[in-house]
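Below is protein18.csv, which holds CSV, C-alpha atoms.
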```csv
chain,number,residue,atom,x,y,z
J,61,MET,CA,29.1,68.0,93.3
J,62,ALA,CA,27.9,65.9,90.4
J,63,ALA,CA,25.9,68.9,89.0
J,64,ALA,CA,29.0,71.1,89.2
J,65,ALA,CA,31.1,68.5,87.5
J,66,THR,CA,28.8,68.1,84.5
J,67,GLN,CA,28.8,71.9,84.0
J,68,GLY,CA,32.3,71.6,82.5
J,69,MET,CA,31.3,68.8,80.1
J,70,PRO,CA,30.6,69.8,76.5
J,71,THR,CA,26.8,70.0,76.2
J,72,TRP,CA,26.8,68.2,72.9
J,73,GLU,CA,28.7,65.2,74.2
J,74,ARG,CA,25.9,63.4,76.0
J,75,LYS,CA,23.5,63.8,73.0
J,76,ALA,CA,26.1,62.8,70.5
J,77,ARG,CA,27.1,59.7,72.6
J,78,THR,CA,23.5,58.7,72.9
J,79,LEU,CA,22.8,59.1,69.2
J,80,LEU,CA,26.0,57.3,68.1
J,81,CYS,CA,25.5,54.4,70.6
J,82,VAL,CA,21.9,53.9,69.6
J,83,LEU,CA,22.8,54.0,65.9
J,84,GLY,CA,25.6,51.6,66.5
J,85,LEU,CA,23.3,49.3,68.4
J,86,VAL,CA,20.6,49.4,65.7
J,87,LEU,CA,23.2,48.6,63.0
J,88,SER,CA,24.7,45.8,65.1
J,89,VAL,CA,21.3,44.2,65.9
J,90,TYR,CA,20.3,44.5,62.2
J,91,ALA,CA,23.6,42.9,61.2
J,92,LEU,CA,22.9,40.0,63.6
J,93,HIS,CA,19.4,39.7,62.3
J,94,VAL,CA,20.7,39.4,58.7
J,95,GLU,CA,23.3,36.9,59.6
J,96,LEU,CA,20.9,34.7,61.6
J,97,SER,CA,18.2,34.9,58.9
J,98,ARG,CA,20.7,34.0,56.2
J,99,GLU,CA,21.9,31.0,58.2
J,100,ARG,CA,18.3,29.8,58.6
J,101,ASN,CA,17.4,30.5,55.0
J,102,PRO,CA,20.2,30.7,52.4
J,103,ASP,CA,17.6,32.4,50.0
J,104,TYR,CA,17.0,35.3,52.5
J,105,ARG,CA,17.6,38.7,50.9
J,106,ALA,CA,18.3,41.6,53.2
J,107,MET,CA,17.3,45.2,52.5
J,108,CYS,CA,21.0,46.0,52.3
J,109,ASP,CA,21.6,43.5,49.5
J,110,LEU,CA,21.4,45.8,46.5
J,111,ALA,CA,23.7,44.1,44.0
J,112,GLU,CA,26.3,41.3,43.7
J,113,SER,CA,29.0,43.7,44.9
J,114,VAL,CA,26.8,45.6,47.3
J,115,SER,CA,25.7,42.9,49.7
J,116,CYS,CA,25.9,43.1,53.5
J,117,SER,CA,24.7,39.5,53.9
J,118,LYS,CA,27.6,38.3,51.8
J,119,VAL,CA,30.0,40.1,54.2
J,120,PHE,CA,28.2,39.0,57.4
J,121,THR,CA,28.2,35.4,56.4
J,122,SER,CA,31.9,35.4,55.3
J,123,ARG,CA,34.6,34.0,57.5
J,124,TRP,CA,35.4,37.6,58.5
J,125,GLY,CA,31.9,38.1,59.9
J,126,ARG,CA,32.7,36.1,63.0
J,127,GLY,CA,35.6,36.9,65.4
J,128,PHE,CA,37.1,39.2,62.7
J,129,GLY,CA,38.0,36.0,60.8
J,130,LEU,CA,40.8,35.5,63.4
J,131,VAL,CA,39.2,33.7,66.3
J,132,GLN,CA,38.6,30.5,64.3
J,133,PHE,CA,42.4,30.0,64.1
J,134,PHE,CA,42.4,29.5,67.9
J,135,VAL,CA,39.1,27.8,68.6
J,136,ALA,CA,36.7,25.7,66.7
J,137,LYS,CA,34.6,27.5,64.0
J,138,ASP,CA,31.4,26.8,65.9
J,139,SER,CA,32.9,27.6,69.4
J,140,PRO,CA,30.9,30.0,71.6
J,141,LEU,CA,34.0,32.2,71.6
J,142,ASN,CA,33.7,32.7,67.8
J,143,GLN,CA,30.8,35.2,67.9
J,144,PRO,CA,29.5,37.3,65.1
J,145,ASN,CA,31.2,40.7,64.9
J,146,SER,CA,27.7,42.2,65.4
J,147,VAL,CA,27.6,40.7,68.9
J,148,LEU,CA,30.9,42.3,69.7
J,149,GLY,CA,29.4,45.6,68.4
J,150,ILE,CA,26.4,45.2,70.7
J,151,ILE,CA,28.7,44.8,73.6
J,152,PHE,CA,30.9,47.7,72.5
J,153,TYR,CA,28.1,50.2,72.1
J,154,THR,CA,26.5,49.1,75.3
J,155,LEU,CA,29.7,49.7,77.2
J,156,GLN,CA,30.2,53.0,75.5
J,157,MET,CA,26.7,54.1,76.5
J,158,GLY,CA,27.1,52.8,80.1
J,159,LEU,CA,30.6,54.2,80.8
J,160,GLY,CA,29.6,57.5,79.2
J,161,LEU,CA,27.5,58.1,82.3
J,162,SER,CA,30.6,58.1,84.5
J,163,LEU,CA,32.7,61.2,84.9
J,164,SER,CA,35.7,59.3,86.2
J,165,LYS,CA,39.1,59.6,84.5
J,166,ARG,CA,39.4,55.8,84.3
J,167,ALA,CA,36.1,55.6,82.5
J,168,ALA,CA,37.2,58.3,80.1
J,169,LEU,CA,40.5,56.5,79.5
J,170,PHE,CA,38.7,53.2,78.9
J,171,LEU,CA,36.3,54.9,76.4
J,172,VAL,CA,39.2,56.3,74.5
J,173,LEU,CA,41.2,53.1,74.5
J,174,SER,CA,38.2,50.9,73.5
J,175,SER,CA,37.5,53.4,70.7
J,176,TRP,CA,41.0,53.1,69.4
J,177,VAL,CA,40.6,49.3,69.4
J,178,SER,CA,37.3,49.7,67.5
J,179,MET,CA,39.1,51.9,64.9
J,180,VAL,CA,41.8,49.3,64.4
J,181,GLY,CA,39.1,46.7,63.9
J,182,SER,CA,37.2,49.0,61.6
J,183,LEU,CA,40.3,49.7,59.5
J,184,TYR,CA,41.1,45.9,59.4
J,185,LEU,CA,37.5,45.0,58.3
J,186,ALA,CA,37.3,47.9,55.8
J,187,SER,CA,40.5,46.6,54.1
J,188,ILE,CA,39.0,43.0,54.1
J,189,LEU,CA,35.8,44.5,52.6
J,190,ALA,CA,37.6,46.4,49.9
J,191,PHE,CA,40.6,44.2,49.0
J,192,VAL,CA,39.6,40.7,49.8
J,193,LEU,CA,35.8,40.5,49.4
J,194,GLY,CA,35.6,43.3,46.8
J,195,ASP,CA,32.2,44.2,48.3
J,196,PHE,CA,30.5,47.4,49.5
J,197,CYS,CA,28.5,46.9,52.7
J,198,MET,CA,26.4,50.0,53.7
J,199,VAL,CA,25.9,48.6,57.3
J,200,CYS,CA,29.6,48.0,57.7
J,201,VAL,CA,30.7,51.4,56.4
J,202,SER,CA,28.0,53.1,58.6
J,203,THR,CA,29.5,51.3,61.7
J,204,TYR,CA,33.0,52.5,60.7
J,205,ILE,CA,31.7,56.1,60.6
J,206,VAL,CA,29.9,55.6,64.0
J,207,ASN,CA,33.2,54.2,65.5
J,208,PHE,CA,35.2,57.2,64.2
J,209,ALA,CA,32.7,59.7,65.6
J,210,LEU,CA,32.7,57.9,68.9
J,211,LEU,CA,36.5,58.1,69.0
J,212,PHE,CA,36.3,61.9,68.4
J,213,THR,CA,33.6,62.2,71.1
J,214,ASN,CA,35.6,60.2,73.6
J,215,LEU,CA,38.8,62.2,72.9
J,216,LYS,CA,36.9,65.5,73.5
J,217,ARG,CA,35.3,64.0,76.6
J,218,ARG,CA,38.6,62.9,78.1
J,219,ARG,CA,40.0,66.4,77.7
J,220,ALA,CA,36.9,67.9,79.3
J,221,ILE,CA,37.1,65.6,82.3
J,222,GLU,CA,40.8,66.3,82.8
J,223,ALA,CA,40.0,70.0,82.7
J,224,ILE,CA,37.2,69.6,85.2
J,225,LYS,CA,39.5,67.6,87.6
J,226,GLU,CA,42.3,70.2,87.3
J,227,LYS,CA,39.9,73.0,88.2
J,228,ALA,CA,38.5,71.0,91.1
J,229,GLY,CA,42.0,70.6,92.4
```

Using structure tokens, write down the structure that the file contains.
Amino acid sequence: MAAAATQGMPTWERKARTLLCVLGLVLSVYALHVELSRERNPDYRAMCDLAESVSCSKVFTSRWGRGFGLVQFFVAKDSPLNQPNSVLGIIFYTLQMGLGLSLSKRAALFLVLSSWVSMVGSLYLASILAFVLGDFCMVCVSTYIVNFALLFTNLKRRRAIEAIKEKAG
């Protein structure tokens, strides 16, 4: 039954999901590394710090680098609930990878909904990046692209799963 169900799935979907989630995880882990290194050593210079206005460490250590800059309004700045955005990214890409193994309609719906949430977050952070910080962060922009590609992949996956379920009766 499982082999028959996967036959209706687009063949590129699994490879694309794996590539995008691994790339998202690498970017998120690197962002966390940069933020933690910068906290330990204010003179730390990340590979992605190319100029004054092209600096990922400036972005990661800004107030918007933790809890989207919003959580600190509800809990203390150093609260365990106010995690770096990169930790949220690690959780998101891990869930995307894990739920991508399921062919259930619920998993497909959750993948799409969580991708829409990630796109809202990406658009919010991109506007902060451009209009508030006046910075260009290569790591950030790369994650926005990964999130958009995952949304596209998840929308295609959901349609394919619905088609499989309709054919199965």

**Message:** Which residues are close to Val114 (chain J), i.e. within 10 Å by only C-alpha atoms, leaving aside same-chain residues fewer than 6 positions away? Reply as a list in words.
**Reply:** Cys108, Gly194, Asp195, Phe196, Cys197 and Met198 of chain J

**Request:** Using all atoms listed in the file, give me every residue within 12 Å of (22.4, 57.7, 70.6) in file coordinates, as a list of chain:residue names.
**Result:** J:Trp72, J:Glu73, J:Arg74, J:Lys75, J:Ala76, J:Arg77, J:Thr78, J:Leu79, J:Leu80, J:Cys81, J:Val82, J:Leu83, J:Gly84, J:Leu85, J:Val86, J:Leu87, J:Tyr153, J:Thr154, J:Gln156, J:Met157, J:Gly158, J:Gly160, J:Val206, J:Ala209, J:Leu210

**Prompt:** Taking into account only C-alpha atoms, which residue in the set J:Lys216, J:Lys227, J:Arg126, J:Arg166 is nearest to Leu96 (chain J)?
**Reply:**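 Nearest to Leu96 (chain J): J:Arg126.
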
**Residues within 7 Å of Ile221 (chain J), all atoms listed in the file, excluding chain neighbours under 4 positions, as a ChimeraX atom specification** = /J:69,163,165,217,225

**Prompt:** Out of J:Gly125, J:Tyr90, J:Asp138, J:Gln132, which residue has the shortest atom-to-atom distance to Ala186 (chain J) when counting only C-alpha atoms?
**Reply:**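 Closest to Ala186 (chain J) of all the choices is J:Gly125.
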
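From CA of Ser202 (chain J) back to CA of Leu110 (chain J), the distance works out to 15.6 Å.
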